[in-house]
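Undergrad: Can you read through this structure? Questions will come right after.
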Amino acid sequence: MAIKENHRGNGLAKVLMEEIEQLAFKEGIETIDLFVSDSNLAALNLYESMGFCTERRYMKKVL
C-alpha cells in the first residue's frame with residue numbers, strides 16, 4: 001500500500017489499515033504480515049502504533 005505524497009499526513013493510511021484489519025477479521029484471517037523499509041519511519045511508526053511488531057528482518061546484498 002502506498003499513499004500519494006500530496007495525501008500523506010492526514011491519517012488516510014491509518015484509516016485504510018483499520019479497514020483492512022476489520023475485513024480480515026470478518027474473513028477469519030488471524031494474522032496480517034507486512035513488509036516495510038527500515039528507512040520508512042512514518043510507516044514504521046504507524047504500524048507500531050497499531051500494534052504491529054518486528055518479527056524477523058529481511059536482508060539482501062547487491063553484488
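Simple scheme: letters A, B, ... for chains in C-alpha cells order, numbers from 1 for residues in each chain, numbers from 1 for ligands in the order shown.
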Can you tell me, as a list in words, what residues are no more than 12 Å from A:Phe35 when counting only C-alpha atoms, ignoring any on the same chain fewer than 4 positions away?

TA: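 Within the cut-off, the hits are Met1, Ser39, Asn40, Ala43, Leu44, Tyr47, Phe52, Cys53, Thr54, Glu55, Arg56, Arg57, Tyr58 and Met59 of chain A.
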
Undergrad: Write out as a list in words all residues of chain A that DSSP puts in alpha helix (DSSP H) for this structure's backbone.

TA: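 Taking chain A and keeping alpha helix (DSSP H) gives Leu12, Ala13, Lys14, Val15, Leu16, Met17, Glu18, Glu19, Ile20, Glu21, Gln22, Leu23, Ala24, Phe25, Lys26, Leu41, Ala42, Ala43, Leu44, Asn45, Leu46, Tyr47, Glu48 and Ser49 of chain A.
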
Undergrad: Tell me, as a PyMOL selection string, which residues lie within 12 Å of stretch 16-25 of chain A, counting only C-alpha atoms; anything in the same chain fewer than 4 positions away does not count.

TA: chain A and resi 1-3+10-12+29-34+43+46-47+49-52

Undergrad: Could you jot down the atom CA of A:His7 to atom CA of A:Ala42 separation for me, Å, one decimal place?

TA: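 Here the two named atoms are 13.4 Å from each other.
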